[in-house]
file my_file_39.cif (mmCIF, C-alpha atoms)
data_my_file
loop_
_atom_site.label_atom_id
_atom_site.label_comp_id
_atom_site.auth_asym_id
_atom_site.auth_seq_id
_atom_site.Cartn_x
_atom_site.Cartn_y
_atom_site.Cartn_z
CA MET A 1 110.76 52.33 119.93
CA THR A 2 111.42 56.04 119.49
CA THR A 3 111.64 55.86 115.71
CA LEU A 4 108.53 53.68 115.67
CA LEU A 5 106.28 55.91 117.74
CA PHE A 6 107.37 59.51 117.32
CA PRO A 7 105.80 59.92 113.85
CA LEU A 8 102.39 59.14 115.33
CA PRO A 9 100.35 62.29 116.03
CA GLY A 10 99.66 62.96 119.68
CA TYR A 11 102.35 60.65 121.05
CA TRP A 12 104.33 63.52 122.58
CA TRP A 13 101.44 64.21 124.96
CA ALA A 14 102.34 61.10 126.94
CA TYR A 15 105.84 62.43 127.57
CA ALA A 16 104.54 65.95 128.24
CA ALA A 17 102.04 64.62 130.79
CA PHE A 18 104.69 62.47 132.48
CA THR A 19 107.14 65.38 132.59
CA GLY A 20 104.45 67.56 134.14
CA LEU A 21 103.74 64.88 136.75
CA VAL A 22 107.46 64.63 137.61
CA VAL A 23 107.75 68.42 137.97
CA LEU A 24 104.67 68.46 140.20
CA LEU A 25 106.05 65.69 142.41
CA LEU A 26 109.44 67.40 142.63
CA ALA A 27 107.77 70.63 143.71
CA ALA A 28 105.74 68.75 146.32
CA ASP A 29 108.85 66.95 147.56
CA LEU A 30 110.74 70.23 147.93
CA ALA A 31 107.79 71.95 149.63
CA LEU A 32 107.33 69.13 152.13
CA HIS A 33 111.02 69.12 153.05
CA ARG A 34 111.55 72.83 153.57
CA LYS A 35 112.47 72.29 157.19
CA GLU A 36 116.03 71.23 157.89
CA GLN A 37 115.45 67.86 159.48
CA PRO A 38 116.62 64.29 158.80
CA VAL A 39 114.45 62.21 156.46
CA SER A 40 112.85 59.33 158.33
CA PHE A 41 112.79 55.79 156.99
CA ARG A 42 109.01 55.97 156.64
CA ASN A 43 109.18 59.21 154.67
CA ALA A 44 111.86 57.81 152.36
CA ALA A 45 109.83 54.64 151.79
CA VAL A 46 106.68 56.60 150.94
CA TRP A 47 108.46 58.81 148.42
CA THR A 48 110.20 55.82 146.88
CA ALA A 49 106.80 54.21 146.39
CA VAL A 50 105.46 57.43 144.84
CA TRP A 51 108.28 57.63 142.28
CA VAL A 52 108.03 53.95 141.38
CA ALA A 53 104.26 54.29 140.99
CA ALA A 54 104.75 57.29 138.66
CA ALA A 55 107.12 55.26 136.48
CA LEU A 56 104.72 52.30 136.39
CA LEU A 57 101.81 54.59 135.54
CA PHE A 58 103.74 56.06 132.63
CA GLY A 59 104.53 52.55 131.36
CA TYR A 60 100.85 51.63 131.48
CA VAL A 61 99.83 54.81 129.61
CA LEU A 62 102.53 54.11 127.04
CA TYR A 63 101.24 50.56 126.58
CA ARG A 64 97.62 51.66 126.17
CA PHE A 65 98.49 54.33 123.64
CA ALA A 66 100.84 52.09 121.65
CA ALA A 67 98.33 49.23 121.68
CA SER A 68 95.52 51.43 120.41
CA ALA A 69 97.69 53.01 117.71
CA LEU A 70 99.80 50.04 116.62
CA GLY A 71 97.97 46.96 117.84
CA PRO A 72 98.27 44.77 120.97
CA ALA A 73 101.47 43.01 119.87
CA LEU A 74 103.48 46.18 119.25
CA GLY A 75 101.88 47.75 122.32
CA ARG A 76 103.24 44.95 124.49
CA ARG A 77 106.63 45.18 122.80
CA THR A 78 106.81 48.93 123.43
CA ALA A 79 105.83 48.50 127.08
CA MET A 80 108.37 45.70 127.58
CA GLU A 81 111.13 47.85 126.08
CA TYR A 82 110.24 50.67 128.44
CA PHE A 83 110.07 48.47 131.55
CA ALA A 84 113.31 46.69 130.61
CA GLY A 85 115.07 50.05 130.40
CA TYR A 86 113.49 51.18 133.66
CA ILE A 87 114.57 48.05 135.55
CA VAL A 88 118.13 48.33 134.21
CA GLU A 89 118.38 52.00 135.21
CA GLU A 90 116.86 51.30 138.62
CA SER A 91 119.34 48.49 139.21
CA LEU A 92 122.31 50.61 138.14
CA SER A 93 121.22 53.42 140.46
CA VAL A 94 121.61 51.21 143.53
CA ASP A 95 125.40 51.57 143.49
CA ASN A 96 124.95 55.34 143.51
CA MET A 97 123.63 55.01 147.05
CA PHE A 98 127.03 53.76 148.19
CA VAL A 99 128.72 56.71 146.47
CA PHE A 100 126.31 59.11 148.18
CA ALA A 101 127.07 57.54 151.54
CA LEU A 102 130.81 57.78 150.90
CA VAL A 103 130.62 61.45 149.90
CA PHE A 104 128.40 62.32 152.87
CA ARG A 105 130.79 60.58 155.25
CA HIS A 106 133.85 62.22 153.71
CA PHE A 107 132.38 65.72 154.04
CA ASP A 108 130.65 64.88 157.34
CA VAL A 109 127.32 66.20 156.03
CA PRO A 110 124.73 66.55 158.82
CA ALA A 111 121.67 64.36 158.24
CA ARG A 112 119.34 67.37 158.22
CA TYR A 113 121.08 68.77 155.09
CA GLN A 114 121.34 65.54 153.11
CA HIS A 115 117.88 65.72 151.52
CA ARG A 116 118.54 69.18 150.11
CA VAL A 117 121.83 68.29 148.49
CA LEU A 118 120.42 65.01 147.15
CA PHE A 119 117.36 66.77 145.74
CA PHE A 120 119.31 69.35 143.76
CA GLY A 121 121.96 66.83 142.81
CA VAL A 122 119.41 64.44 141.32
CA LEU A 123 117.55 67.34 139.68
CA GLY A 124 120.77 68.52 138.04
CA ALA A 125 121.56 64.98 136.91
CA MET A 126 118.11 64.67 135.32
CA VAL A 127 118.48 67.95 133.43
CA PHE A 128 121.97 67.20 132.13
CA ARG A 129 121.08 63.60 131.28
CA GLY A 130 118.15 64.86 129.24
CA LEU A 131 120.43 67.28 127.39
CA PHE A 132 123.04 64.58 126.75
CA ILE A 133 120.42 62.11 125.53
CA ALA A 134 118.95 64.70 123.17
CA ALA A 135 122.41 65.60 121.86
CA GLY A 136 123.38 61.95 121.52
CA ALA A 137 120.17 61.08 119.67
CA ALA A 138 120.95 63.85 117.18
CA LEU A 139 124.62 62.89 116.79
CA ILE A 140 124.23 59.13 116.29
CA ARG A 141 122.45 59.78 113.01
CA PHE A 142 125.94 60.33 111.60
CA GLN A 143 127.83 57.08 111.03
CA PRO A 144 131.32 58.35 112.03
CA VAL A 145 129.98 59.60 115.37
CA LEU A 146 128.31 56.26 116.06
CA ILE A 147 131.58 54.45 115.31
CA ALA A 148 133.49 56.83 117.60
CA PHE A 149 131.02 56.19 120.43
CA GLY A 150 131.41 52.44 119.91
CA VAL A 151 135.20 52.64 120.04
CA PHE A 152 135.04 54.76 123.20
CA LEU A 153 132.71 52.24 124.90
CA ILE A 154 135.02 49.34 123.99
CA TYR A 155 138.02 51.28 125.31
CA SER A 156 136.16 52.07 128.55
CA GLY A 157 135.16 48.42 128.99
CA VAL A 158 138.71 47.15 128.45
CA ARG A 159 140.06 49.77 130.84
CA LEU A 160 137.58 48.70 133.53
CA ILE A 161 138.65 45.07 133.13
CA PHE A 162 142.37 45.70 133.58
CA GLU A 163 142.30 48.74 135.85
CA LYS A 164 143.13 48.09 139.48
CA GLU A 165 140.29 48.73 141.90
CA SER A 166 140.66 51.95 143.88
CA ARG A 167 138.53 53.72 146.45
CA LEU A 168 136.83 56.94 145.52
CA ASP A 169 138.23 59.93 147.38
CA PRO A 170 135.89 62.92 146.88
CA GLY A 171 138.50 65.26 148.28
CA ARG A 172 140.77 64.51 145.31
CA SER A 173 138.04 65.19 142.75
CA ARG A 174 139.06 67.66 140.06
CA ILE A 175 135.68 69.35 140.33
CA VAL A 176 136.11 69.86 144.07
CA ARG A 177 139.62 71.26 143.66
CA ALA A 178 138.50 73.54 140.81
CA ALA A 179 135.58 74.88 142.86
CA GLY A 180 137.97 75.76 145.67
CA ARG A 181 140.10 77.78 143.28
CA VAL A 182 137.18 79.73 141.79
CA LEU A 183 135.47 80.65 145.08
CA PRO A 184 136.74 80.64 148.66
CA VAL A 185 135.06 77.95 150.72
CA THR A 186 133.89 78.33 154.30
CA SER A 187 135.31 75.94 156.84
CA GLU A 188 131.88 75.18 158.30
CA TYR A 189 128.38 74.56 156.97
CA GLN A 190 126.18 77.63 156.78
CA GLY A 191 122.85 75.97 157.30
CA ALA A 192 121.49 74.42 154.09
CA ARG A 193 122.93 77.17 151.90
CA PHE A 194 125.27 76.51 149.00
CA PHE A 195 126.56 80.09 148.99
CA THR A 196 126.91 82.71 151.70
CA ARG A 197 128.34 86.18 152.14
CA LEU A 198 130.87 86.88 154.85
CA GLY A 199 132.31 90.36 155.22
CA GLY A 200 130.83 91.37 151.89
CA ARG A 201 132.55 88.51 150.02
CA LEU A 202 130.82 85.60 148.34
CA PHE A 203 131.82 82.20 149.70
CA ALA A 204 130.90 78.69 148.68
CA THR A 205 129.95 76.36 151.50
CA PRO A 206 131.08 72.75 151.90
CA LEU A 207 127.54 71.77 150.86
CA LEU A 208 128.25 73.08 147.34
CA LEU A 209 131.31 70.86 147.14
CA VAL A 210 129.15 67.91 148.16
CA LEU A 211 126.66 68.82 145.43
CA ARG A 212 129.36 69.00 142.78
CA SER A 213 131.03 65.77 143.86
#

call {"tool": "encode", "arguments": {"input": "my_file_39.cif", "output": "structure tokens"}}
result
Amino acid sequence: MTTLLFPLPGYWWAYAAFTGLVVLLLAADLALHRKEQPVSFRNAAVWTAVWVAAALLFGYVLYRFAASALGPALGRRTAMEYFAGYIVEESLSVDNMFVFALVFRHFDVPARYQHRVLFFGVLGAMVFRGLFIAAGAALIRFQPVLIAFGVFLIYSGVRLIFEKESRLDPGRSRIVRAAGRVLPVTSEYQGARFFTRLGGRLFATPLLLVLRS
């Protein structure tokens, strides 16, 4: 789909408009949750509907543009490819909810701080995923790199098949242990802050460890 549509003039505007919409919604989400309070079920449901609607709207715009530029058949194919990818990603993200719950329980994160750490965690994941996708798209043009990626995926799949199931322990994470060595960590949460100063020294808070887990 990407190689088919990118050469068309004006196609990047669809992505630019969608990116702008996402940034606007993220800013609105952050502004509406400035107060440190638990997110209600109703609030979570409304925002879930907003994000799903944004994704569906982008798919419709993509279909209309592709259909007008390439014809109805290729327009439908482009839209189906997009929605197939979206459904797969949405399905795979469900298991992340269990990981979030496990990390929150392990660090005993108060409910009023959970939205903040989730917001910046998801935002960071989006930024780094975009960078990795861009880098990967550039690297797979070289045949040896594509073969190396394929071998790594096969190795990962075989390892998952034969590896014994184990529970995730966030406290044993290398990232968590490394963060504790770089900066001293406070024993208690300092509001919704990730960093704080005590006695003139910079400390990380347990919330930063949750974010990096």

call {"tool": "closest_residue", "arguments": {"input": "my_file_39.cif", "among": "A:Ala17, A:Ala55, A:Leu202, A:Ala192", "to": "Glu36 (chain A)", "atoms": "all atoms listed in the file"}}
result
A:Ala192

call {"tool": "resolve_selection", "arguments": {"input": "my_file_39.cif", "expression": "the PyMOL selection byres ((chain A and resi 186) around 8)", "output": "number ranges by chain"}}
result
A: 184-185, 187-189, 203-206

call {"tool": "atom_distance", "arguments": {"input": "my_file_39.cif", "atom1": "CA of Val22 (chain A)", "atom2": "CA of Val103 (chain A)"}}
result
26.4 Å

call {"tool": "residues_near_point", "arguments": {"input": "my_file_39.cif", "point": "(110.5, 57.1, 143.6)", "cutoff": "12 Å", "atoms": "all atoms listed in the file", "output": "count of residues only"}}
result
22

call {"tool": "closest_residue", "arguments": {"input": "my_file_39.cif", "among": "A:Ala69, A:Ala137, A:Val210, A:Leu21", "to": "Phe120 (chain A)", "atoms": "only C-alpha atoms"}}
result
A:Val210

call {"tool": "closest_residue", "arguments": {"input": "my_file_39.cif", "among": "A:Met126, A:Val151, A:Leu118, A:Met80", "to": "Phe104 (chain A)", "atoms": "all atoms listed in the file"}}
result
A:Leu118

call {"tool": "closest_residue", "arguments": {"input": "my_file_39.cif", "among": "A:Ala111, A:Leu146, A:Ala125, A:Leu102", "to": "Gly191 (chain A)", "atoms": "only C-alpha atoms"}}
result
A:Ala111

call {"tool": "atom_distance", "arguments": {"input": "my_file_39.cif", "atom1": "CA of Phe152 (chain A)", "atom2": "CA of Ser91 (chain A)"}}
result
23.3 Å

call {"tool": "atom_distance", "arguments": {"input": "my_file_39.cif", "atom1": "CA of Arg197 (chain A)", "atom2": "CA of Gln37 (chain A)"}}
result
23.6 Å

call {"tool": "build_atoms", "arguments": {"input": "my_file_39.cif", "residues": "region 27-39 of chain A", "atoms": "N, CA, C and O atoms", "output": "PDB file, keeping the file's coordinate frame"}}
result
ATOM      1  N   ALA A  27     108.165  69.434 142.964  1.00  0.00           N
ATOM      2  CA  ALA A  27     107.770  70.630 143.710  1.00  0.00           C
ATOM      3  C   ALA A  27     107.167  70.248 145.053  1.00  0.00           C
ATOM      4  O   ALA A  27     107.441  70.893 146.074  1.00  0.00           O
ATOM      5  N   ALA A  28     106.334  69.196 145.067  1.00  0.00           N
ATOM      6  CA  ALA A  28     105.740  68.750 146.320  1.00  0.00           C
ATOM      7  C   ALA A  28     106.795  68.226 147.279  1.00  0.00           C
ATOM      8  O   ALA A  28     106.755  68.496 148.481  1.00  0.00           O
ATOM      9  N   ASP A  29     107.762  67.476 146.736  1.00  0.00           N
ATOM     10  CA  ASP A  29     108.850  66.950 147.560  1.00  0.00           C
ATOM     11  C   ASP A  29     109.635  68.085 148.206  1.00  0.00           C
ATOM     12  O   ASP A  29     109.929  68.063 149.408  1.00  0.00           O
ATOM     13  N   LEU A  30     109.974  69.104 147.405  1.00  0.00           N
ATOM     14  CA  LEU A  30     110.740  70.230 147.930  1.00  0.00           C
ATOM     15  C   LEU A  30     109.935  71.018 148.954  1.00  0.00           C
ATOM     16  O   LEU A  30     110.473  71.454 149.978  1.00  0.00           O
ATOM     17  N   ALA A  31     108.634  71.196 148.699  1.00  0.00           N
ATOM     18  CA  ALA A  31     107.790  71.950 149.630  1.00  0.00           C
ATOM     19  C   ALA A  31     107.631  71.229 150.956  1.00  0.00           C
ATOM     20  O   ALA A  31     107.599  71.864 152.021  1.00  0.00           O
ATOM     21  N   LEU A  32     107.541  69.910 150.918  1.00  0.00           N
ATOM     22  CA  LEU A  32     107.330  69.130 152.130  1.00  0.00           C
ATOM     23  C   LEU A  32     108.610  68.955 152.949  1.00  0.00           C
ATOM     24  O   LEU A  32     108.557  68.506 154.089  1.00  0.00           O
ATOM     25  N   HIS A  33     109.744  69.269 152.333  1.00  0.00           N
ATOM     26  CA  HIS A  33     111.020  69.120 153.050  1.00  0.00           C
ATOM     27  C   HIS A  33     111.730  70.460 153.192  1.00  0.00           C
ATOM     28  O   HIS A  33     112.953  70.540 153.106  1.00  0.00           O
ATOM     29  N   ARG A  34     110.949  71.516 153.395  1.00  0.00           N
ATOM     30  CA  ARG A  34     111.550  72.830 153.570  1.00  0.00           C
ATOM     31  C   ARG A  34     112.300  72.933 154.891  1.00  0.00           C
ATOM     32  O   ARG A  34     113.291  73.644 155.011  1.00  0.00           O
ATOM     33  N   LYS A  35     111.807  72.238 155.899  1.00  0.00           N
ATOM     34  CA  LYS A  35     112.470  72.290 157.190  1.00  0.00           C
ATOM     35  C   LYS A  35     113.740  71.443 157.167  1.00  0.00           C
ATOM     36  O   LYS A  35     113.787  70.382 156.554  1.00  0.00           O
ATOM     37  N   GLU A  36     114.757  71.942 157.830  1.00  0.00           N
ATOM     38  CA  GLU A  36     116.030  71.230 157.890  1.00  0.00           C
ATOM     39  C   GLU A  36     115.953  70.156 158.966  1.00  0.00           C
ATOM     40  O   GLU A  36     116.217  70.397 160.147  1.00  0.00           O
ATOM     41  N   GLN A  37     115.552  68.969 158.553  1.00  0.00           N
ATOM     42  CA  GLN A  37     115.450  67.860 159.480  1.00  0.00           C
ATOM     43  C   GLN A  37     115.763  66.564 158.741  1.00  0.00           C
ATOM     44  O   GLN A  37     115.555  66.464 157.525  1.00  0.00           O
ATOM     45  N   PRO A  38     116.286  65.568 159.447  1.00  0.00           N
ATOM     46  CA  PRO A  38     116.620  64.290 158.800  1.00  0.00           C
ATOM     47  C   PRO A  38     115.376  63.630 158.207  1.00  0.00           C
ATOM     48  O   PRO A  38     114.265  63.767 158.733  1.00  0.00           O
ATOM     49  N   VAL A  39     115.551  62.931 157.101  1.00  0.00           N
ATOM     50  CA  VAL A  39     114.450  62.210 156.460  1.00  0.00           C
ATOM     51  C   VAL A  39     114.293  60.860 157.165  1.00  0.00           C
ATOM     52  O   VAL A  39     115.248  60.084 157.258  1.00  0.00           O
TER      53      VAL A  39
END
